[in-house]
file run_8.cif (mmCIF, C-alpha atoms)
data_start
#
loop_
_atom_site.label_atom_id
_atom_site.label_comp_id
_atom_site.auth_asym_id
_atom_site.auth_seq_id
_atom_site.Cartn_x
_atom_site.Cartn_y
_atom_site.Cartn_z
CA MET A 674 113.14 79.46 89.96
CA VAL A 675 114.23 82.26 92.26
CA MET A 676 111.64 83.44 94.78
CA VAL A 677 113.26 86.84 95.15
CA LEU A 678 112.92 87.44 91.37
CA PRO A 679 109.40 88.95 91.41
CA PHE A 680 110.47 91.27 94.24
CA ILE A 681 113.41 92.53 92.20
CA MET A 682 111.20 92.92 89.13
CA ALA A 683 108.58 94.86 91.12
CA LEU A 684 111.27 97.13 92.59
CA VAL A 685 112.69 97.88 89.13
CA ALA A 686 109.17 98.46 87.79
CA ALA A 687 108.52 100.92 90.63
CA ALA A 688 111.77 102.74 89.82
CA LEU A 689 110.79 102.92 86.14
CA ALA A 690 107.36 104.26 87.10
CA TRP A 691 108.97 106.94 89.26
CA MET A 692 111.30 107.87 86.38
CA GLY A 693 108.29 108.35 84.13
CA ARG A 694 108.78 105.38 81.78
CA PRO A 695 105.25 103.93 81.64
CA LYS A 696 105.72 101.38 78.85
CA ALA A 697 108.76 99.75 80.44
CA ALA A 698 107.17 99.82 83.89
CA LEU A 699 103.92 98.31 82.62
CA LEU A 700 105.75 95.62 80.67
CA LEU A 701 107.85 94.69 83.67
CA GLY A 702 104.77 94.82 85.89
CA VAL A 703 102.93 92.36 83.66
CA ALA A 704 106.04 90.14 83.54
CA THR A 705 106.11 90.22 87.35
CA VAL A 706 102.49 89.07 87.43
CA ALA A 707 103.44 86.22 85.06
CA VAL A 708 106.21 85.11 87.46
CA GLN A 709 103.78 85.52 90.35
CA VAL A 710 101.25 83.25 88.61
CA GLY A 711 103.99 80.72 87.85
CA TRP A 712 104.92 80.55 91.52
CA LEU A 713 101.23 80.38 92.47
CA VAL A 714 100.65 77.36 90.21
CA TYR A 715 103.69 75.70 91.80
CA HIS A 716 102.56 76.39 95.37
CA ALA A 717 98.90 75.63 94.67
CA THR A 718 99.74 72.15 93.43
CA ASP A 719 102.53 70.99 95.73
CA THR A 720 102.11 69.62 99.22
CA LEU A 721 102.91 72.35 101.69
CA LYS A 722 104.30 71.31 105.04
CA ILE A 723 102.81 74.19 106.98
CA SER A 724 101.26 73.42 110.33
CA LEU A 725 99.28 70.47 109.00
CA MET B 969 90.22 113.66 92.96
CA SER B 970 91.39 110.32 91.51
CA ARG B 971 95.01 111.40 92.18
CA LEU B 972 94.19 111.85 95.85
CA PHE B 973 92.52 108.44 96.01
CA ASP B 974 95.45 106.78 94.23
CA THR B 975 97.90 108.48 96.60
CA LEU B 976 95.92 107.32 99.62
CA ALA B 977 95.72 103.80 98.18
CA LEU B 978 99.51 103.82 97.70
CA TYR B 979 99.98 104.86 101.33
CA GLY B 980 97.53 102.13 102.32
CA ILE B 981 99.57 99.51 100.44
CA SER B 982 102.74 100.78 102.12
CA ALA B 983 100.99 100.49 105.49
CA VAL B 984 100.13 96.85 104.75
CA LEU B 985 103.75 96.12 103.79
CA ALA B 986 105.02 97.93 106.88
CA VAL B 987 102.75 95.90 109.19
CA ALA B 988 103.99 92.71 107.52
CA PHE B 989 107.57 93.83 108.18
CA TYR B 990 106.73 94.60 111.81
CA TYR B 991 105.53 91.04 112.31
CA GLN B 992 108.55 89.68 110.42
CA LEU B 993 111.30 91.75 112.03
CA VAL B 994 109.95 92.53 115.50
CA LEU B 995 107.85 89.45 116.23
CA GLY B 996 110.02 87.05 114.21
CA GLU B 997 107.24 85.65 112.01
CA LEU B 998 108.85 84.68 108.72
CA PRO B 999 106.71 84.86 105.59
CA CYS B 1000 105.89 81.58 103.85
CA PRO B 1001 105.96 81.17 100.03
CA LEU B 1002 102.25 81.97 99.66
CA CYS B 1003 102.75 84.99 101.95
CA ALA B 1004 105.53 86.12 99.59
CA LEU B 1005 103.21 85.92 96.59
CA GLN B 1006 100.68 88.05 98.44
CA ARG B 1007 103.36 90.65 99.14
CA VAL B 1008 104.36 90.68 95.47
CA GLY B 1009 100.75 91.51 94.67
CA PHE B 1010 100.83 94.60 96.87
CA LEU B 1011 104.09 95.70 95.25
CA VAL B 1012 102.80 95.35 91.68
CA ALA B 1013 99.55 97.07 92.63
CA GLY B 1014 101.64 99.92 94.00
CA VAL B 1015 103.48 100.17 90.68
CA GLY B 1016 100.16 100.59 88.85
CA LEU B 1017 99.14 103.39 91.20
CA MET B 1018 102.55 105.06 90.88
CA LEU B 1019 102.14 105.03 87.09
CA ASN B 1020 98.75 106.70 87.42
CA LEU B 1021 100.26 109.46 89.53
CA ARG B 1022 103.48 109.90 87.57
CA THR B 1023 102.39 109.54 83.94
CA GLY B 1024 98.62 109.99 84.06
CA THR B 1025 95.64 107.82 84.89
CA SER B 1026 95.00 105.07 82.38
CA ALA B 1027 92.96 101.90 82.14
CA ALA B 1028 96.19 99.95 81.44
CA ASN B 1029 97.62 100.96 84.82
CA TYR B 1030 94.43 99.92 86.58
CA GLY B 1031 94.51 96.72 84.52
CA LEU B 1032 97.90 95.89 86.01
CA VAL B 1033 96.50 96.42 89.51
CA LEU B 1034 93.55 94.20 88.64
CA LEU B 1035 95.70 91.37 87.25
CA THR B 1036 97.98 91.20 90.26
CA ALA B 1037 95.05 91.55 92.66
CA VAL B 1038 93.41 88.48 91.13
CA ALA B 1039 96.71 86.50 91.21
CA ALA B 1040 97.60 87.49 94.77
CA GLY B 1041 93.99 87.12 95.93
CA SER B 1042 94.11 83.56 94.57
CA ALA B 1043 97.27 82.93 96.62
CA SER B 1044 95.55 84.15 99.77
CA LEU B 1045 92.47 82.05 98.97
CA ARG B 1046 94.73 79.00 98.53
CA GLN B 1047 96.21 79.66 101.96
CA ILE B 1048 92.77 80.14 103.52
CA ALA B 1049 91.70 76.82 101.97
CA LEU B 1050 94.74 75.09 103.49
CA HIS B 1051 93.65 76.06 106.99
CA VAL B 1052 89.87 76.20 106.73
CA VAL B 1053 89.34 72.62 107.89
CA PRO B 1054 89.12 72.44 111.70
CA GLY B 1055 92.25 70.96 113.22
CA THR B 1056 94.57 72.00 110.39
CA GLY B 1057 96.07 74.86 112.37
CA SER B 1058 96.99 78.25 110.97
CA TYR B 1059 100.05 80.21 109.89
CA GLY B 1060 101.25 83.24 111.80
CA SER B 1061 99.44 85.51 114.20
CA ALA B 1062 95.91 86.84 113.92
CA LEU B 1063 95.21 90.55 113.69
CA PHE B 1064 91.81 91.68 114.91
CA GLY B 1065 90.62 88.08 114.79
CA MET B 1066 91.74 87.22 111.25
CA HIS B 1067 95.03 85.88 109.95
CA PHE B 1068 97.07 87.87 107.48
CA TYR B 1069 96.19 85.69 104.50
CA THR B 1070 92.50 86.34 105.25
CA TRP B 1071 93.16 90.07 105.56
CA ALA B 1072 95.06 89.89 102.28
CA PHE B 1073 92.05 88.33 100.58
CA VAL B 1074 89.84 91.12 101.96
CA ALA B 1075 92.38 93.73 100.84
CA TYR B 1076 92.57 92.36 97.31
CA GLY B 1077 88.78 92.22 97.12
CA ALA B 1078 88.69 95.87 98.19
CA LEU B 1079 91.38 96.69 95.62
CA ILE B 1080 89.36 95.07 92.84
CA VAL B 1081 86.28 97.07 93.84
CA TYR B 1082 88.41 100.24 94.00
CA VAL B 1083 89.75 99.62 90.49
CA GLY B 1084 86.24 99.01 89.20
CA VAL B 1085 85.02 102.30 90.63
CA MET B 1086 88.05 104.22 89.35
CA LEU B 1087 87.78 102.68 85.88
CA PHE B 1088 84.17 103.75 85.79
CA ALA B 1089 85.25 107.29 86.64
CA VAL B 1090 88.01 107.25 84.01
CA THR B 1091 85.78 105.94 81.23
CA ALA B 1092 83.13 108.44 82.24
CA GLY B 1093 85.51 111.14 81.03
CA ARG B 1094 86.97 112.27 84.33
CA SER B 1095 90.45 110.99 83.56
CA VAL B 1096 93.43 112.82 84.94
CA HIS B 1097 96.57 113.59 82.99
CA ALA B 1098 100.10 113.61 84.31
CA ALA B 1099 100.89 116.47 86.63
CA ARG B 1100 103.79 117.53 88.77
CA LEU B 1101 104.05 115.43 91.91
CA ASN B 1102 103.39 117.26 95.17
CA GLY B 1103 105.14 116.50 98.44
CA PHE B 1104 102.40 114.14 99.61
CA GLN B 1105 102.75 112.07 96.45
CA VAL B 1106 106.55 112.08 96.52
CA GLY B 1107 106.28 110.85 100.11
CA ALA B 1108 104.03 108.00 98.98
CA PHE B 1109 106.53 107.10 96.26
CA GLY B 1110 109.49 107.22 98.65
CA VAL B 1111 107.87 105.09 101.35
CA PHE B 1112 106.63 102.54 98.81
CA VAL B 1113 109.95 102.18 96.95
CA ALA B 1114 111.83 101.89 100.26
CA LEU B 1115 109.50 99.07 101.32
CA ALA B 1116 109.89 97.39 97.92
CA ALA B 1117 113.69 97.49 98.31
CA ALA B 1118 113.41 96.18 101.87
CA ASN B 1119 111.31 93.27 100.59
CA VAL B 1120 114.01 92.37 98.05
CA ILE B 1121 116.63 92.31 100.82
CA ALA B 1122 114.40 90.42 103.26
CA PHE B 1123 113.47 87.67 100.81
CA LEU B 1124 117.03 87.40 99.52
CA LEU B 1125 118.19 86.83 103.10
CA GLU B 1126 115.36 84.40 103.86
CA CYS B 1127 115.37 82.33 100.67
CA GLY B 1128 118.69 83.00 98.97
CA LEU B 1129 118.60 82.42 95.20
CA GLY B 1130 116.11 79.56 95.28
CA PRO B 1131 112.57 78.76 96.36
CA CYS B 1132 111.52 79.70 99.89
CA PRO B 1133 111.05 76.80 102.33
CA ASP B 1134 107.41 75.85 102.91
CA ASP B 1135 107.73 76.32 106.66
CA PRO B 1136 110.54 78.83 107.19
CA ILE B 1137 112.25 78.84 110.58
CA GLY B 1138 115.20 81.13 109.87
CA TYR B 1139 117.06 83.22 107.33
CA LEU B 1140 119.03 81.09 104.88
CA LEU B 1141 121.75 83.73 104.46
CA LEU B 1142 121.73 84.77 108.13
CA PRO B 1143 122.25 81.59 110.14
CA GLY B 1144 121.37 82.12 113.78
CA ALA B 1145 119.14 85.16 113.22
CA PRO B 1146 115.60 84.84 114.64
#

call {"tool": "encode", "arguments": {"input": "run_8.cif", "output": "structure tokens"}}
result
Amino acid sequence: MVMVLPFIMALVAAALAWMGRPKAALLLGVATVAVQVGWLVYHATDTLKISL
Amino acid sequence: MSRLFDTLALYGISAVLAVAFYYQLVLGELPCPLCALQRVGFLVAGVGLMLNLRTGTSAANYGLVLLTAVAAGSASLRQIALHVVPGTGSYGSALFGMHFYTWAFVAYGALIVYVGVMLFAVTAGRSVHAARLNGFQVGAFGVFVALAAANVIAFLLECGLGPCPDDPIGYLLLPGAP
């Protein structure tokens, strides 16, 4: 999965919000949270090699 | 009044993102994967606040802020847990005595409390409908969207089109850059 994906989705959602399209922005925002949670599950269950 | 608070909260989120960029670009501290998830949370929370300001305050918009605050707060809590045991080190610099993942956890806690208070105000009948954006609000939008775009570029350069390395030491698409 692409790590930059939720950033792109959040940027597009922000643009949609600015353009006054609440349903599309909300839908994309919720989808971004779903991707965020997917990444969180991945990084909360793998062994991170960070300063340990 | 809720529009003013939402505008200030949006500026506050942009300030958090800007400080993160300062540490990334000026001090050369690259964000780790969990750091990235915490940044995503601030971006999505900003979208919820933008929707409130642009199309009118609604519980759904605050719900979006709440969902991402819980997800991103969990990411910061995971990172705190990784380093809470003495001798396990830390990641990145400390700011005013706390690391950024700890500050993120505090910020998301504050955001959840903020949403709770604002939802109480909305359901108490003091909801605000869409109105024309003033210069202060357009400024908040502009700064936030610029930071969101900068995050896309920064993470694309750091991670490419795959997962970010657990312990990043450079930009994948910019070999040799600090």

call {"tool": "interface_residues", "arguments": {"input": "run_8.cif", "of": "chain A", "to": "chain B", "cutoff": "8 Å", "atoms": "only C-alpha atoms", "output": "number ranges by chain"}}
result
A: 674-677, 679-681, 683-684, 686-688, 690-691, 693-695, 698-699, 702-703, 705-706, 709-710, 712-713, 716-717, 721-725

call {"tool": "atom_distance", "arguments": {"input": "run_8.cif", "atom1": "atom CA of B:Val1081", "atom2": "atom CA of B:Phe989"}}
result
25.9 Å

call {"tool": "atom_distance", "arguments": {"input": "run_8.cif", "atom1": "atom CA of B:Gly1084", "atom2": "atom CA of B:Ile981"}}
result
17.4 Å

call {"tool": "axis_aligned_box", "arguments": {"input": "run_8.cif", "around": "stretch 1033-1042 of chain B", "padding_each_side": "5 Å", "output": "AutoDock Vina command-line options"}}
result
--center_x 95.7 --center_y 90.0 --center_z 91.6 --size_x 14.6 --size_y 22.9 --size_z 18.7

call {"tool": "closest_residue", "arguments": {"input": "run_8.cif", "among": "A:Asp719, A:Ala707, A:Val714, A:Lys696", "to": "A:Leu678", "atoms": "only C-alpha atoms"}}
result
A:Ala707

call {"tool": "atom_distance", "arguments": {"input": "run_8.cif", "atom1": "atom CA of B:Leu985", "atom2": "atom CA of B:Ala1075"}}
result
12.0 Å

call {"tool": "decode", "arguments": {"input": "run_8.cif", "residues": "stretch 687-718 of chain A", "atoms": "N, CA and C atoms", "output": "PDB file, in the first residue's frame"}}
result
ATOM      1  N   ALA A 687      -9.691  18.277   1.094  1.00  0.00           N
ATOM      2  CA  ALA A 687      -9.613  19.692   1.468  1.00  0.00           C
ATOM      3  C   ALA A 687     -10.032  20.579   0.289  1.00  0.00           C
ATOM      4  N   ALA A 688      -9.588  20.201  -0.911  1.00  0.00           N
ATOM      5  CA  ALA A 688      -9.979  20.970  -2.099  1.00  0.00           C
ATOM      6  C   ALA A 688     -11.485  20.899  -2.315  1.00  0.00           C
ATOM      7  N   LEU A 689     -12.062  19.713  -2.125  1.00  0.00           N
ATOM      8  CA  LEU A 689     -13.514  19.561  -2.287  1.00  0.00           C
ATOM      9  C   LEU A 689     -14.262  20.383  -1.239  1.00  0.00           C
ATOM     10  N   ALA A 690     -13.729  20.401  -0.018  1.00  0.00           N
ATOM     11  CA  ALA A 690     -14.364  21.197   1.043  1.00  0.00           C
ATOM     12  C   ALA A 690     -14.339  22.678   0.675  1.00  0.00           C
ATOM     13  N   TRP A 691     -13.208  23.122   0.145  1.00  0.00           N
ATOM     14  CA  TRP A 691     -13.072  24.537  -0.233  1.00  0.00           C
ATOM     15  C   TRP A 691     -14.031  24.887  -1.380  1.00  0.00           C
ATOM     16  N   MET A 692     -14.250  23.896  -2.281  1.00  0.00           N
ATOM     17  CA  MET A 692     -15.141  24.135  -3.416  1.00  0.00           C
ATOM     18  C   MET A 692     -16.608  24.020  -3.030  1.00  0.00           C
ATOM     19  N   GLY A 693     -16.867  23.683  -1.752  1.00  0.00           N
ATOM     20  CA  GLY A 693     -18.250  23.615  -1.300  1.00  0.00           C
ATOM     21  C   GLY A 693     -18.966  22.350  -1.696  1.00  0.00           C
ATOM     22  N   ARG A 694     -18.265  21.222  -1.701  1.00  0.00           N
ATOM     23  CA  ARG A 694     -18.891  19.926  -2.022  1.00  0.00           C
ATOM     24  C   ARG A 694     -18.790  19.032  -0.783  1.00  0.00           C
ATOM     25  N   PRO A 695     -19.704  19.227   0.165  1.00  0.00           N
ATOM     26  CA  PRO A 695     -19.586  18.567   1.473  1.00  0.00           C
ATOM     27  C   PRO A 695     -19.691  17.052   1.424  1.00  0.00           C
ATOM     28  N   LYS A 696     -20.606  16.524   0.595  1.00  0.00           N
ATOM     29  CA  LYS A 696     -20.778  15.064   0.584  1.00  0.00           C
ATOM     30  C   LYS A 696     -19.524  14.363   0.078  1.00  0.00           C
ATOM     31  N   ALA A 697     -18.972  14.872  -1.029  1.00  0.00           N
ATOM     32  CA  ALA A 697     -17.764  14.258  -1.593  1.00  0.00           C
ATOM     33  C   ALA A 697     -16.589  14.404  -0.630  1.00  0.00           C
ATOM     34  N   ALA A 698     -16.479  15.582  -0.007  1.00  0.00           N
ATOM     35  CA  ALA A 698     -15.370  15.812   0.919  1.00  0.00           C
ATOM     36  C   ALA A 698     -15.486  14.901   2.139  1.00  0.00           C
ATOM     37  N   LEU A 699     -16.703  14.783   2.661  1.00  0.00           N
ATOM     38  CA  LEU A 699     -16.910  13.919   3.834  1.00  0.00           C
ATOM     39  C   LEU A 699     -16.611  12.468   3.502  1.00  0.00           C
ATOM     40  N   LEU A 700     -17.100  12.032   2.338  1.00  0.00           N
ATOM     41  CA  LEU A 700     -16.888  10.641   1.916  1.00  0.00           C
ATOM     42  C   LEU A 700     -15.394  10.357   1.776  1.00  0.00           C
ATOM     43  N   LEU A 701     -14.698  11.267   1.127  1.00  0.00           N
ATOM     44  CA  LEU A 701     -13.258  11.077   0.949  1.00  0.00           C
ATOM     45  C   LEU A 701     -12.529  11.176   2.289  1.00  0.00           C
ATOM     46  N   GLY A 702     -13.020  12.049   3.168  1.00  0.00           N
ATOM     47  CA  GLY A 702     -12.426  12.162   4.500  1.00  0.00           C
ATOM     48  C   GLY A 702     -12.556  10.864   5.280  1.00  0.00           C
ATOM     49  N   VAL A 703     -13.735  10.268   5.231  1.00  0.00           N
ATOM     50  CA  VAL A 703     -13.941   8.992   5.928  1.00  0.00           C
ATOM     51  C   VAL A 703     -13.082   7.896   5.294  1.00  0.00           C
ATOM     52  N   ALA A 704     -12.982   7.901   3.967  1.00  0.00           N
ATOM     53  CA  ALA A 704     -12.128   6.919   3.285  1.00  0.00           C
ATOM     54  C   ALA A 704     -10.670   7.107   3.700  1.00  0.00           C
ATOM     55  N   THR A 705     -10.251   8.363   3.879  1.00  0.00           N
ATOM     56  CA  THR A 705      -8.880   8.636   4.325  1.00  0.00           C
ATOM     57  C   THR A 705      -8.644   8.056   5.717  1.00  0.00           C
ATOM     58  N   VAL A 706      -9.651   8.211   6.589  1.00  0.00           N
ATOM     59  CA  VAL A 706      -9.529   7.640   7.933  1.00  0.00           C
ATOM     60  C   VAL A 706      -9.416   6.118   7.851  1.00  0.00           C
ATOM     61  N   ALA A 707     -10.172   5.500   6.917  1.00  0.00           N
ATOM     62  CA  ALA A 707     -10.094   4.041   6.755  1.00  0.00           C
ATOM     63  C   ALA A 707      -8.680   3.620   6.346  1.00  0.00           C
ATOM     64  N   VAL A 708      -8.077   4.360   5.405  1.00  0.00           N
ATOM     65  CA  VAL A 708      -6.694   4.062   5.000  1.00  0.00           C
ATOM     66  C   VAL A 708      -5.742   4.286   6.173  1.00  0.00           C
ATOM     67  N   GLN A 709      -5.997   5.359   6.907  1.00  0.00           N
ATOM     68  CA  GLN A 709      -5.182   5.682   8.083  1.00  0.00           C
ATOM     69  C   GLN A 709      -5.235   4.526   9.098  1.00  0.00           C
ATOM     70  N   VAL A 710      -6.428   4.006   9.345  1.00  0.00           N
ATOM     71  CA  VAL A 710      -6.582   2.899  10.296  1.00  0.00           C
ATOM     72  C   VAL A 710      -5.891   1.645   9.755  1.00  0.00           C
ATOM     73  N   GLY A 711      -5.996   1.419   8.440  1.00  0.00           N
ATOM     74  CA  GLY A 711      -5.306   0.276   7.843  1.00  0.00           C
ATOM     75  C   GLY A 711      -3.813   0.336   8.068  1.00  0.00           C
ATOM     76  N   TRP A 712      -3.240   1.506   7.840  1.00  0.00           N
ATOM     77  CA  TRP A 712      -1.803   1.690   8.075  1.00  0.00           C
ATOM     78  C   TRP A 712      -1.473   1.551   9.561  1.00  0.00           C
ATOM     79  N   LEU A 713      -2.381   2.042  10.414  1.00  0.00           N
ATOM     80  CA  LEU A 713      -2.134   1.965  11.861  1.00  0.00           C
ATOM     81  C   LEU A 713      -2.083   0.507  12.311  1.00  0.00           C
ATOM     82  N   VAL A 714      -3.025  -0.311  11.818  1.00  0.00           N
ATOM     83  CA  VAL A 714      -3.030  -1.732  12.178  1.00  0.00           C
ATOM     84  C   VAL A 714      -1.712  -2.369  11.738  1.00  0.00           C
ATOM     85  N   TYR A 715      -1.275  -2.018  10.523  1.00  0.00           N
ATOM     86  CA  TYR A 715      -0.005  -2.560  10.018  1.00  0.00           C
ATOM     87  C   TYR A 715       1.159  -2.164  10.921  1.00  0.00           C
ATOM     88  N   HIS A 716       1.241  -0.884  11.263  1.00  0.00           N
ATOM     89  CA  HIS A 716       2.392  -0.407  12.038  1.00  0.00           C
ATOM     90  C   HIS A 716       2.250  -0.665  13.534  1.00  0.00           C
ATOM     91  N   ALA A 717       1.077  -1.044  13.980  1.00  0.00           N
ATOM     92  CA  ALA A 717       0.905  -1.372  15.392  1.00  0.00           C
ATOM     93  C   ALA A 717       1.156  -2.851  15.645  1.00  0.00           C
ATOM     94  N   THR A 718       1.333  -3.616  14.564  1.00  0.00           N
ATOM     95  CA  THR A 718       1.529  -5.054  14.745  1.00  0.00           C
ATOM     96  C   THR A 718       2.867  -5.545  14.201  1.00  0.00           C
TER      97      THR A 718
END
